[in-house]
Amino acid sequence: MKRLGAAIIGCGSIHGVHADAIEASELGRLICVVDIVEERARASAAKYGCRWYVDYLEAISDDEVDVVHICTPHYLHASMAIEAVRAGKHVLVEKPVAISISQAQEMVQESKKHGRYIGVCFQNRFNLEAQKAKEIIDSGKIGAVKGIKGVVTWFRTKEYYAQSGWRGRFATEGGGVLINQAIHTLDLMQWLGGGVKAVRGNVSTYLLGDVIEVEDTANAILFFKNGTRGIFYATNCYTTNSPVEIEIDCEKGRLRIYDGTLIMEQDNSCRCIVNEKVRDTPYKSYWGKSHAVLINEFYQAVLSGNPTLIISVEEAMESLKIIDGIYKSSSTGNVININ
Ligand SMILES: NC(=O)c1ccc[n+]([C@@H]2O[C@H](COP(=O)([O-])OP(=O)(O)OC[C@H]3O[C@@H](n4cnc5c(N)ncnc54)[C@H](O)[C@@H]3O)[C@@H](O)[C@H]2O)c1
């Protein structure tokens, strides 16, 4: 089978996960990497045996490149993705899809206009425990979802923000714990619960206010289209990166996702449906282990012309709408309709 040529833009902390997944996939081949910091681009190219550039426009005009992976700071996602589809490339963009809903809408228009796919890295949807939870909910065997809880208690230091200057600022990161760390959990909650209609919430900066202008803590109630109610809490002020907790309260029982496990509680019994610890990953354990699955599915979709397994910009926009709603609610005190 033809292997798709890949370019990675941004050679920072996440890019090795993409490069390793492309190398491991039988569907892709890394053609080039790009970073405005030349040493980073050179070092990555030496490691993976590919070309390097400092200007991303050279990568997207490279004839051997079919798919562009965008692993840059958040504020660059939309403009780089749009340039890439205009140049005829398919795009896999790291989360968040963009830093505003209007940017994401423009990405949808441009990808349709140029007939190219844009997929978004919400790799946690491919975690076995999440897949299995979705399957159980959709099968109806545990009844309708009544409530869903998401809790993210992580920690980020001052050094983390100092390392990459784009973090901690609205103009470049687009927000704080909501858009960077907790967006995966918001995406899983809205995907498992059936889509959010309105939100009420609050954001605060409790601990890191001397280094960041964005929030380090947020909480919200999510009102789903189907009547489900969600509660959500996220903070970067804890002392460790605890595993994310998601609990789904259904008419006939309860599902709990925690640290690679899926537990089902029904009729006073408790069953472990999935038990997949991710501690042995070479990367940060809280990134999970599903980037490679997501990347392979994206390549499969491009090669087959069947996008069903791509997490589209429209889908990824749902978490952006929730975040935008929480900010608006926090400043007005109102319930905000988002859909
Ligand atoms: N899916 C996940 O679980 C996950 C995990 C970590 C990071 N991410 C996302 O990946 C993206 C990158 O995060 P990171 O932690 O690797 O950041 P980083 O700061 O470590 O790396 C970003 C890199 O982009 C480069 N860059 C900046 N402007 C550029 C430009 N114009 N052209 C080319 N290169 C440029 C920087 O020099 C830097 O090397 C972010 O969107 C982040 O949210 C996702």
# chains A, B, ... in the order shown; residues from 1 in each chain; ligands from 1
>>> residues_around(residues="region 35-50 of chain A", least_positions_apart="6", cutoff="8 Å", atoms="only C-alpha atoms", output="number ranges by chain")
A: 9-12, 19, 56
>>> write_last_selection(atoms="N, CA, C and O atoms", output="CSV table (one decimal), in the first residue's frame")
chain,number,residue,atom,x,y,z
A,9,ILE,N,5.1,20.0,11.9
A,9,ILE,CA,5.5,21.4,12.2
A,9,ILE,C,5.5,21.6,13.7
A,9,ILE,O,4.4,21.4,14.4
A,10,GLY,N,6.6,22.0,14.3
A,10,GLY,CA,6.8,22.2,15.7
A,10,GLY,C,7.5,21.0,16.3
A,10,GLY,O,6.9,19.9,16.2
A,11,CYS,N,8.7,21.2,16.7
A,11,CYS,CA,9.5,20.0,17.3
A,11,CYS,C,9.7,20.2,18.8
A,11,CYS,O,10.8,20.0,19.3
A,12,GLY,N,8.6,20.5,19.5
A,12,GLY,CA,8.6,20.6,20.9
A,12,GLY,C,8.3,19.3,21.6
A,12,GLY,O,8.6,18.2,21.0
A,19,ALA,N,6.1,11.7,15.6
A,19,ALA,CA,7.2,11.1,14.8
A,19,ALA,C,7.3,9.6,15.0
A,19,ALA,O,7.4,8.8,14.0
A,56,TYR,N,7.6,26.9,7.8
A,56,TYR,CA,6.6,25.8,7.6
A,56,TYR,C,6.1,25.9,6.2
A,56,TYR,O,5.6,24.9,5.6
>>> residues_near_ligand(ligand="ligand 1", cutoff="8 Å", atoms="only C-alpha atoms and all ligand atoms", output="PyMOL selection string")
chain A and resi 9-15+34-37+40+54-56+70-74+76-77+93-96+121-124+163-167+180-181+184+286-288+291
>>> write_last_selection(atoms="C-alpha atoms", output="PDB file, in the first residue's frame")
ATOM      1  CA  ILE A   9       5.452  21.440  12.215  1.00  0.00           C
ATOM      2  CA  GLY A  10       6.773  22.196  15.712  1.00  0.00           C
ATOM      3  CA  CYS A  11       9.518  20.049  17.269  1.00  0.00           C
ATOM      4  CA  GLY A  12       8.639  20.591  20.935  1.00  0.00           C
ATOM      5  CA  SER A  13       7.579  18.149  23.631  1.00  0.00           C
ATOM      6  CA  ILE A  14       4.702  16.395  21.800  1.00  0.00           C
ATOM      7  CA  HIS A  15       6.311  16.064  18.375  1.00  0.00           C
ATOM      8  CA  VAL A  34       9.907  22.130  10.920  1.00  0.00           C
ATOM      9  CA  ASP A  35      10.777  24.411  13.805  1.00  0.00           C
ATOM     10  CA  ILE A  36      11.564  28.114  13.944  1.00  0.00           C
ATOM     11  CA  VAL A  37      14.314  27.141  16.385  1.00  0.00           C
ATOM     12  CA  ARG A  40      15.294  21.684  17.292  1.00  0.00           C
ATOM     13  CA  VAL A  54      12.599  26.534   9.676  1.00  0.00           C
ATOM     14  CA  ASP A  55       9.794  27.946   7.535  1.00  0.00           C
ATOM     15  CA  TYR A  56       6.608  25.841   7.581  1.00  0.00           C
ATOM     16  CA  ILE A  70       0.577  20.685  13.459  1.00  0.00           C
ATOM     17  CA  CYS A  71       2.314  20.543  16.861  1.00  0.00           C
ATOM     18  CA  THR A  72       2.828  24.260  17.429  1.00  0.00           C
ATOM     19  CA  PRO A  73       1.495  26.757  20.004  1.00  0.00           C
ATOM     20  CA  HIS A  74      -2.304  27.065  20.002  1.00  0.00           C
ATOM     21  CA  LEU A  76      -0.842  29.078  15.187  1.00  0.00           C
ATOM     22  CA  HIS A  77      -3.113  26.055  14.669  1.00  0.00           C
ATOM     23  CA  VAL A  93      -3.778  19.300  14.256  1.00  0.00           C
ATOM     24  CA  GLU A  94      -2.995  18.975  17.939  1.00  0.00           C
ATOM     25  CA  LYS A  95      -5.637  20.093  20.405  1.00  0.00           C
ATOM     26  CA  PRO A  96      -7.145  22.623  20.782  1.00  0.00           C
ATOM     27  CA  CYS A 121      -5.840  15.027  18.200  1.00  0.00           C
ATOM     28  CA  PHE A 122      -8.338  14.042  20.853  1.00  0.00           C
ATOM     29  CA  GLN A 123      -6.485  10.754  21.218  1.00  0.00           C
ATOM     30  CA  ASN A 124      -8.199   9.857  24.498  1.00  0.00           C
ATOM     31  CA  GLN A 163       9.922  26.915  29.329  1.00  0.00           C
ATOM     32  CA  SER A 164       7.528  27.815  26.503  1.00  0.00           C
ATOM     33  CA  GLY A 165       6.668  31.505  26.489  1.00  0.00           C
ATOM     34  CA  TRP A 166       3.388  31.032  24.563  1.00  0.00           C
ATOM     35  CA  ARG A 167       1.794  29.295  27.544  1.00  0.00           C
ATOM     36  CA  ASN A 180      -4.858  23.125  27.487  1.00  0.00           C
ATOM     37  CA  GLN A 181      -5.149  20.408  30.157  1.00  0.00           C
ATOM     38  CA  HIS A 184      -9.661  16.279  26.595  1.00  0.00           C
ATOM     39  CA  TYR A 286      -1.200  11.593  31.256  1.00  0.00           C
ATOM     40  CA  TRP A 287      -0.863  11.922  27.449  1.00  0.00           C
ATOM     41  CA  GLY A 288      -2.236   8.372  27.298  1.00  0.00           C
ATOM     42  CA  HIS A 291      -1.870   8.971  19.632  1.00  0.00           C
TER      43      HIS A 291
END
>>> residues_around(residues="Gly150 (chain A)", least_positions_apart="3", cutoff="10 Å", atoms="only C-alpha atoms", output="JSON, numbers by chain")
{"A": [182, 185, 186, 188, 189, 219, 220, 230, 231, 232, 233, 234, 244, 245, 246, 247, 248, 257]}
>>> atom_distance(atom1="CA of Gly168 (chain A)", atom2="CA of Met80 (chain A)")
21.0 Å
>>> residues_around(residues="Asp62 (chain A)", least_positions_apart="4", cutoff="10 Å", atoms="only C-alpha atoms", output="count of residues only")
11
>>> atom_distance(atom1="CA of Glu265 (chain A)", atom2="CA of Leu192 (chain A)")
17.0 Å
>>> residues_around(residues="region 97-106 of chain A", least_positions_apart="2", cutoff="10 Å", atoms="only C-alpha atoms", output="PyMOL selection string")
chain A and resi 70+73-79+81-82+92-95+108-112+118-122+170-175+179+312-321+323-324
>>> write_last_selection(atoms="C-alpha atoms", output="tab-separated table (two decimals), in the first residue's frame")
chain	number	residue	atom	x	y	z
A	70	ILE	CA	0.58	20.68	13.46
A	73	PRO	CA	1.50	26.76	20.00
A	74	HIS	CA	-2.30	27.06	20.00
A	75	TYR	CA	-2.55	30.46	18.31
A	76	LEU	CA	-0.84	29.08	15.19
A	77	HIS	CA	-3.11	26.06	14.67
A	78	ALA	CA	-5.81	27.71	12.54
A	79	SER	CA	-3.58	29.74	10.22
A	81	ALA	CA	-4.01	24.36	8.99
A	82	ILE	CA	-5.68	26.75	6.55
A	92	LEU	CA	-3.79	16.52	11.69
A	93	VAL	CA	-3.78	19.30	14.26
A	94	GLU	CA	-2.99	18.98	17.94
A	95	LYS	CA	-5.64	20.09	20.40
A	108	VAL	CA	-14.18	23.94	8.28
A	109	GLN	CA	-14.93	26.20	5.29
A	110	GLU	CA	-11.40	25.99	3.90
A	111	SER	CA	-11.12	22.21	4.29
A	112	LYS	CA	-14.44	21.77	2.44
A	118	ILE	CA	-8.56	18.26	8.98
A	119	GLY	CA	-8.46	15.87	11.96
A	120	VAL	CA	-7.96	16.87	15.59
A	121	CYS	CA	-5.84	15.03	18.20
A	122	PHE	CA	-8.34	14.04	20.85
A	170	PHE	CA	-4.69	34.45	26.23
A	171	ALA	CA	-3.25	35.66	22.91
A	172	THR	CA	-1.07	32.59	22.39
A	173	GLU	CA	-2.48	29.76	24.55
A	174	GLY	CA	-6.11	30.92	24.27
A	175	GLY	CA	-6.82	30.17	27.94
A	179	ILE	CA	-8.13	24.92	26.83
A	312	SER	CA	-13.46	16.54	12.66
A	313	VAL	CA	-13.10	20.25	13.32
A	314	GLU	CA	-16.88	20.47	13.82
A	315	GLU	CA	-16.70	17.83	16.56
A	316	ALA	CA	-13.63	19.37	18.16
A	317	MET	CA	-15.39	22.73	18.17
A	318	GLU	CA	-17.91	21.43	20.75
A	319	SER	CA	-15.28	21.60	23.52
A	320	LEU	CA	-14.29	25.11	22.37
A	321	LYS	CA	-17.93	26.19	22.65
A	323	ILE	CA	-14.92	26.68	27.16
A	324	ASP	CA	-16.15	29.90	25.57
>>> closest_atom_pairs(of="region 234-264 of chain A", to="region 130-135 of chain A", cutoff="12 Å", atoms="only C-alpha atoms", output="tab-separated table")
residue	atom	partner	partner_atom	distance
A:Glu245	CA	A:Ala130	CA	11.6
A:Ile246	CA	A:Ala130	CA	9.6
A:Glu247	CA	A:Ala133	CA	10.2
A:Ile248	CA	A:Ala133	CA	8.9
A:Asp249	CA	A:Ala133	CA	11.7
A:Cys250	CA	A:Ala133	CA	11.5
A:Arg254	CA	A:Ala133	CA	10.3
A:Leu255	CA	A:Ala133	CA	7.2
A:Arg256	CA	A:Ala133	CA	8.6
A:Ile257	CA	A:Ala130	CA	7.3
A:Tyr258	CA	A:Ala130	CA	10.0
A:Asp259	CA	A:Ala130	CA	11.1
A:Gly260	CA	A:Ala130	CA	8.9
A:Thr261	CA	A:Ala130	CA	9.1
A:Leu262	CA	A:Ala133	CA	7.3
A:Ile263	CA	A:Ala133	CA	9.2
A:Met264	CA	A:Ala133	CA	9.0
>>> select_by_dssp(residues="region 20-219 of chain A", states="helix (DSSP H, G or I)", output="tab-separated table (two decimals) with N, CA and C atoms, in the first residue's frame")
chain	number	residue	atom	x	y	z
A	20	ASP	N	7.24	9.15	16.22
A	20	ASP	CA	7.33	7.71	16.51
A	20	ASP	C	6.13	6.97	15.93
A	21	ALA	N	4.95	7.58	16.05
A	21	ALA	CA	3.74	6.92	15.53
A	21	ALA	C	3.79	6.82	14.00
A	22	ILE	N	4.31	7.85	13.34
A	22	ILE	CA	4.41	7.80	11.87
A	22	ILE	C	5.40	6.70	11.49
A	23	GLU	N	6.53	6.65	12.20
A	23	GLU	CA	7.54	5.61	11.92
A	23	GLU	C	6.95	4.22	12.11
A	24	ALA	N	6.13	4.07	13.16
A	24	ALA	CA	5.58	2.75	13.49
A	24	ALA	C	4.46	2.35	12.53
A	38	GLU	N	16.10	26.55	14.89
A	38	GLU	CA	16.80	25.66	13.94
A	38	GLU	C	17.37	24.40	14.60
A	39	GLU	N	17.98	24.57	15.81
A	39	GLU	CA	18.59	23.38	16.45
A	39	GLU	C	17.55	22.29	16.71
A	40	ARG	N	16.33	22.70	17.03
A	40	ARG	CA	15.29	21.68	17.29
A	40	ARG	C	14.94	20.94	16.01
A	41	ALA	N	14.83	21.68	14.93
A	41	ALA	CA	14.49	21.04	13.65
A	41	ALA	C	15.64	20.12	13.22
A	42	ARG	N	16.86	20.61	13.34
A	42	ARG	CA	18.03	19.79	12.96
A	42	ARG	C	18.12	18.52	13.79
A	43	ALA	N	17.94	18.66	15.11
A	43	ALA	CA	18.06	17.50	16.01
A	43	ALA	C	16.99	16.45	15.69
A	44	SER	N	15.78	16.91	15.44
A	44	SER	CA	14.70	15.97	15.14
A	44	SER	C	14.97	15.28	13.80
A	45	ALA	N	15.39	16.06	12.80
A	45	ALA	CA	15.67	15.48	11.47
A	45	ALA	C	16.78	14.45	11.56
A	46	ALA	N	17.79	14.72	12.40
A	46	ALA	CA	18.89	13.76	12.56
A	46	ALA	C	18.37	12.48	13.20
A	47	LYS	N	17.51	12.62	14.19
A	47	LYS	CA	16.97	11.44	14.89
A	47	LYS	C	16.10	10.59	13.97
A	48	TYR	N	15.26	11.26	13.17
A	48	TYR	CA	14.28	10.50	12.37
A	48	TYR	C	14.70	10.32	10.91
A	56	TYR	N	7.61	26.90	7.84
A	56	TYR	CA	6.61	25.84	7.58
A	56	TYR	C	6.06	25.89	6.16
A	57	LEU	N	6.13	27.07	5.51
A	57	LEU	CA	5.62	27.16	4.14
A	57	LEU	C	6.41	26.26	3.19
A	58	GLU	N	7.68	26.02	3.54
A	58	GLU	CA	8.48	25.10	2.70
A	58	GLU	C	7.98	23.67	2.83
A	59	ALA	N	7.56	23.31	4.04
A	59	ALA	CA	7.05	21.93	4.25
A	59	ALA	C	5.73	21.73	3.53
A	60	ILE	N	4.86	22.75	3.58
A	60	ILE	CA	3.56	22.53	2.95
A	60	ILE	C	3.61	22.68	1.43
A	74	HIS	N	-0.89	27.04	20.38
A	74	HIS	CA	-2.30	27.06	20.00
A	74	HIS	C	-2.67	28.15	18.99
A	75	TYR	N	-2.10	29.34	19.16
A	75	TYR	CA	-2.55	30.46	18.31
A	75	TYR	C	-2.16	30.27	16.85
A	76	LEU	N	-1.28	29.31	16.57
A	76	LEU	CA	-0.84	29.08	15.19
A	76	LEU	C	-1.63	27.97	14.49
A	77	HIS	N	-2.45	27.23	15.25
A	77	HIS	CA	-3.11	26.06	14.67
A	77	HIS	C	-3.97	26.42	13.45
A	78	ALA	N	-4.85	27.41	13.61
A	78	ALA	CA	-5.81	27.71	12.54
A	78	ALA	C	-5.10	28.20	11.28
A	79	SER	N	-4.20	29.18	11.43
A	79	SER	CA	-3.58	29.74	10.22
A	79	SER	C	-2.72	28.70	9.50
A	80	MET	N	-2.01	27.85	10.27
A	80	MET	CA	-1.18	26.83	9.63
A	80	MET	C	-2.04	25.77	8.94
A	81	ALA	N	-3.12	25.37	9.60
A	81	ALA	CA	-4.01	24.36	8.99
A	81	ALA	C	-4.63	24.90	7.71
A	82	ILE	N	-5.04	26.16	7.74
A	82	ILE	CA	-5.68	26.75	6.55
A	82	ILE	C	-4.67	26.85	5.40
A	83	GLU	N	-3.46	27.29	5.70
A	83	GLU	CA	-2.42	27.35	4.65
A	83	GLU	C	-2.16	25.96	4.07
A	84	ALA	N	-2.15	24.96	4.93
A	84	ALA	CA	-1.83	23.60	4.48
A	84	ALA	C	-2.93	23.04	3.58
A	85	VAL	N	-4.21	23.21	3.95
A	85	VAL	CA	-5.27	22.68	3.06
A	85	VAL	C	-5.31	23.47	1.75
A	86	ARG	N	-5.00	24.73	1.82
A	86	ARG	CA	-4.94	25.53	0.57
A	86	ARG	C	-3.84	24.99	-0.34
A	101	ILE	N	-13.84	30.08	18.22
A	101	ILE	CA	-14.82	29.35	17.41
A	101	ILE	C	-14.78	29.87	15.97
A	102	SER	N	-14.59	31.17	15.81
A	102	SER	CA	-14.58	31.71	14.44
A	102	SER	C	-13.39	31.17	13.64
A	103	GLN	N	-12.24	30.99	14.30
A	103	GLN	CA	-11.09	30.38	13.59
A	103	GLN	C	-11.44	28.96	13.16
A	104	ALA	N	-12.09	28.21	14.06
A	104	ALA	CA	-12.44	26.82	13.75
A	104	ALA	C	-13.44	26.78	12.59
A	105	GLN	N	-14.38	27.72	12.59
A	105	GLN	CA	-15.36	27.75	11.49
A	105	GLN	C	-14.67	28.01	10.15
A	106	GLU	N	-13.66	28.87	10.17
A	106	GLU	CA	-12.93	29.14	8.92
A	106	GLU	C	-12.17	27.89	8.46
A	107	MET	N	-11.67	27.13	9.44
A	107	MET	CA	-10.98	25.87	9.08
A	107	MET	C	-11.94	24.91	8.39
A	108	VAL	N	-13.18	24.83	8.90
A	108	VAL	CA	-14.18	23.94	8.28
A	108	VAL	C	-14.42	24.38	6.83
A	109	GLN	N	-14.65	25.69	6.65
A	109	GLN	CA	-14.93	26.20	5.29
A	109	GLN	C	-13.78	25.90	4.35
A	110	GLU	N	-12.56	26.16	4.80
A	110	GLU	CA	-11.40	25.99	3.90
A	110	GLU	C	-11.15	24.51	3.59
A	111	SER	N	-11.37	23.63	4.58
A	111	SER	CA	-11.12	22.21	4.29
A	111	SER	C	-12.16	21.70	3.30
A	112	LYS	N	-13.41	22.18	3.41
A	112	LYS	CA	-14.44	21.77	2.44
A	112	LYS	C	-14.11	22.32	1.05
A	113	LYS	N	-13.73	23.58	1.03
A	113	LYS	CA	-13.45	24.23	-0.25
A	113	LYS	C	-12.32	23.52	-1.01
A	114	HIS	N	-11.33	23.06	-0.27
A	114	HIS	CA	-10.16	22.46	-0.93
A	114	HIS	C	-10.20	20.93	-0.92
A	123	GLN	N	-6.86	12.17	21.23
A	123	GLN	CA	-6.48	10.75	21.22
A	123	GLN	C	-7.17	9.94	22.31
A	124	ASN	N	-7.61	10.63	23.40
A	124	ASN	CA	-8.20	9.86	24.50
A	124	ASN	C	-9.52	9.19	24.13
A	125	ARG	N	-10.14	9.67	23.04
A	125	ARG	CA	-11.35	8.99	22.58
A	125	ARG	C	-11.02	7.56	22.13
A	126	PHE	N	-9.76	7.32	21.77
A	126	PHE	CA	-9.36	5.99	21.30
A	126	PHE	C	-8.86	5.09	22.44
A	128	LEU	N	-9.04	2.46	25.22
A	128	LEU	CA	-9.96	1.33	25.26
A	128	LEU	C	-11.11	1.56	26.24
A	129	GLU	N	-10.80	2.16	27.40
A	129	GLU	CA	-11.84	2.37	28.41
A	129	GLU	C	-12.91	3.36	27.91
A	130	ALA	N	-12.47	4.36	27.13
A	130	ALA	CA	-13.43	5.33	26.59
A	130	ALA	C	-14.26	4.69	25.48
A	131	GLN	N	-13.60	3.92	24.60
A	131	GLN	CA	-14.30	3.24	23.51
A	131	GLN	C	-15.37	2.30	24.06
A	132	LYS	N	-14.97	1.55	25.09
A	132	LYS	CA	-15.88	0.56	25.68
A	132	LYS	C	-17.05	1.26	26.39
A	133	ALA	N	-16.76	2.36	27.08
A	133	ALA	CA	-17.83	3.11	27.76
A	133	ALA	C	-18.84	3.61	26.73
A	134	LYS	N	-18.34	4.12	25.61
A	134	LYS	CA	-19.22	4.64	24.55
A	134	LYS	C	-20.09	3.51	24.00
A	135	GLU	N	-19.45	2.35	23.81
A	135	GLU	CA	-20.18	1.20	23.25
A	135	GLU	C	-21.31	0.77	24.22
A	136	ILE	N	-21.00	0.73	25.52
A	136	ILE	CA	-22.01	0.32	26.51
A	136	ILE	C	-23.16	1.33	26.54
A	137	ILE	N	-22.82	2.62	26.54
A	137	ILE	CA	-23.86	3.66	26.57
A	137	ILE	C	-24.74	3.56	25.32
A	138	ASP	N	-24.09	3.47	24.16
A	138	ASP	CA	-24.85	3.45	22.90
A	138	ASP	C	-25.71	2.19	22.77
A	139	SER	N	-25.28	1.09	23.41
A	139	SER	CA	-26.05	-0.16	23.31
A	139	SER	C	-27.35	-0.07	24.11
A	158	LYS	N	5.80	26.91	37.78
A	158	LYS	CA	6.20	28.16	37.12
A	158	LYS	C	7.18	27.87	35.99
A	159	GLU	N	8.05	26.86	36.20
A	159	GLU	CA	9.05	26.50	35.19
A	159	GLU	C	8.38	26.03	33.90
A	160	TYR	N	7.27	25.30	34.06
A	160	TYR	CA	6.54	24.80	32.88
A	160	TYR	C	6.12	25.98	32.00
A	161	TYR	N	5.65	27.05	32.65
A	161	TYR	CA	5.21	28.21	31.88
A	161	TYR	C	6.40	29.00	31.33
A	162	ALA	N	7.50	28.98	32.09
A	162	ALA	CA	8.68	29.72	31.64
A	162	ALA	C	9.34	29.04	30.44
A	163	GLN	N	9.29	27.70	30.40
A	163	GLN	CA	9.92	26.91	29.33
A	163	GLN	C	9.44	27.31	27.94
A	170	PHE	N	-3.48	34.64	27.04
A	170	PHE	CA	-4.69	34.45	26.23
A	170	PHE	C	-4.37	34.54	24.74
A	171	ALA	N	-3.50	35.45	24.34
A	171	ALA	CA	-3.25	35.66	22.91
A	171	ALA	C	-2.60	34.45	22.26
A	172	THR	N	-1.84	33.68	23.01
A	172	THR	CA	-1.07	32.59	22.39
A	172	THR	C	-1.53	31.19	22.82
A	173	GLU	N	-1.98	31.07	24.09
A	173	GLU	CA	-2.48	29.76	24.55
A	173	GLU	C	-4.01	29.70	24.40
A	183	ILE	N	-9.24	20.11	28.28
A	183	ILE	CA	-10.06	20.06	27.06
A	183	ILE	C	-10.36	18.61	26.64
A	184	HIS	N	-9.42	17.69	26.91
A	184	HIS	CA	-9.66	16.28	26.59
A	184	HIS	C	-10.87	15.76	27.39
A	185	THR	N	-10.94	16.15	28.67
A	185	THR	CA	-12.01	15.67	29.54
A	185	THR	C	-13.35	16.27	29.11
A	186	LEU	N	-13.34	17.56	28.76
A	186	LEU	CA	-14.57	18.18	28.27
A	186	LEU	C	-15.02	17.50	26.98
A	187	ASP	N	-14.05	17.18	26.12
A	187	ASP	CA	-14.42	16.49	24.88
A	187	ASP	C	-15.03	15.12	25.17
A	188	LEU	N	-14.41	14.36	26.08
A	188	LEU	CA	-14.95	13.02	26.41
A	188	LEU	C	-16.33	13.15	27.04
A	189	MET	N	-16.50	14.12	27.91
A	189	MET	CA	-17.80	14.29	28.58
A	189	MET	C	-18.90	14.58	27.56
A	190	GLN	N	-18.61	15.49	26.62
A	190	GLN	CA	-19.67	15.85	25.67
A	190	GLN	C	-19.90	14.72	24.67
A	191	TRP	N	-18.84	13.96	24.36
A	191	TRP	CA	-18.96	12.83	23.42
A	191	TRP	C	-19.76	11.69	24.05
A	192	LEU	N	-19.44	11.37	25.32
A	192	LEU	CA	-20.12	10.26	26.00
A	192	LEU	C	-21.54	10.65	26.42
A	193	GLY	N	-21.73	11.92	26.77
A	193	GLY	CA	-23.02	12.35	27.33
A	193	GLY	C	-24.04	12.77	26.29
>>> closest_residue(among="A:Asn127, A:Thr228, A:Ser329, A:Ser25", to="Val274 (chain A)", atoms="only C-alpha atoms")
A:Asn127
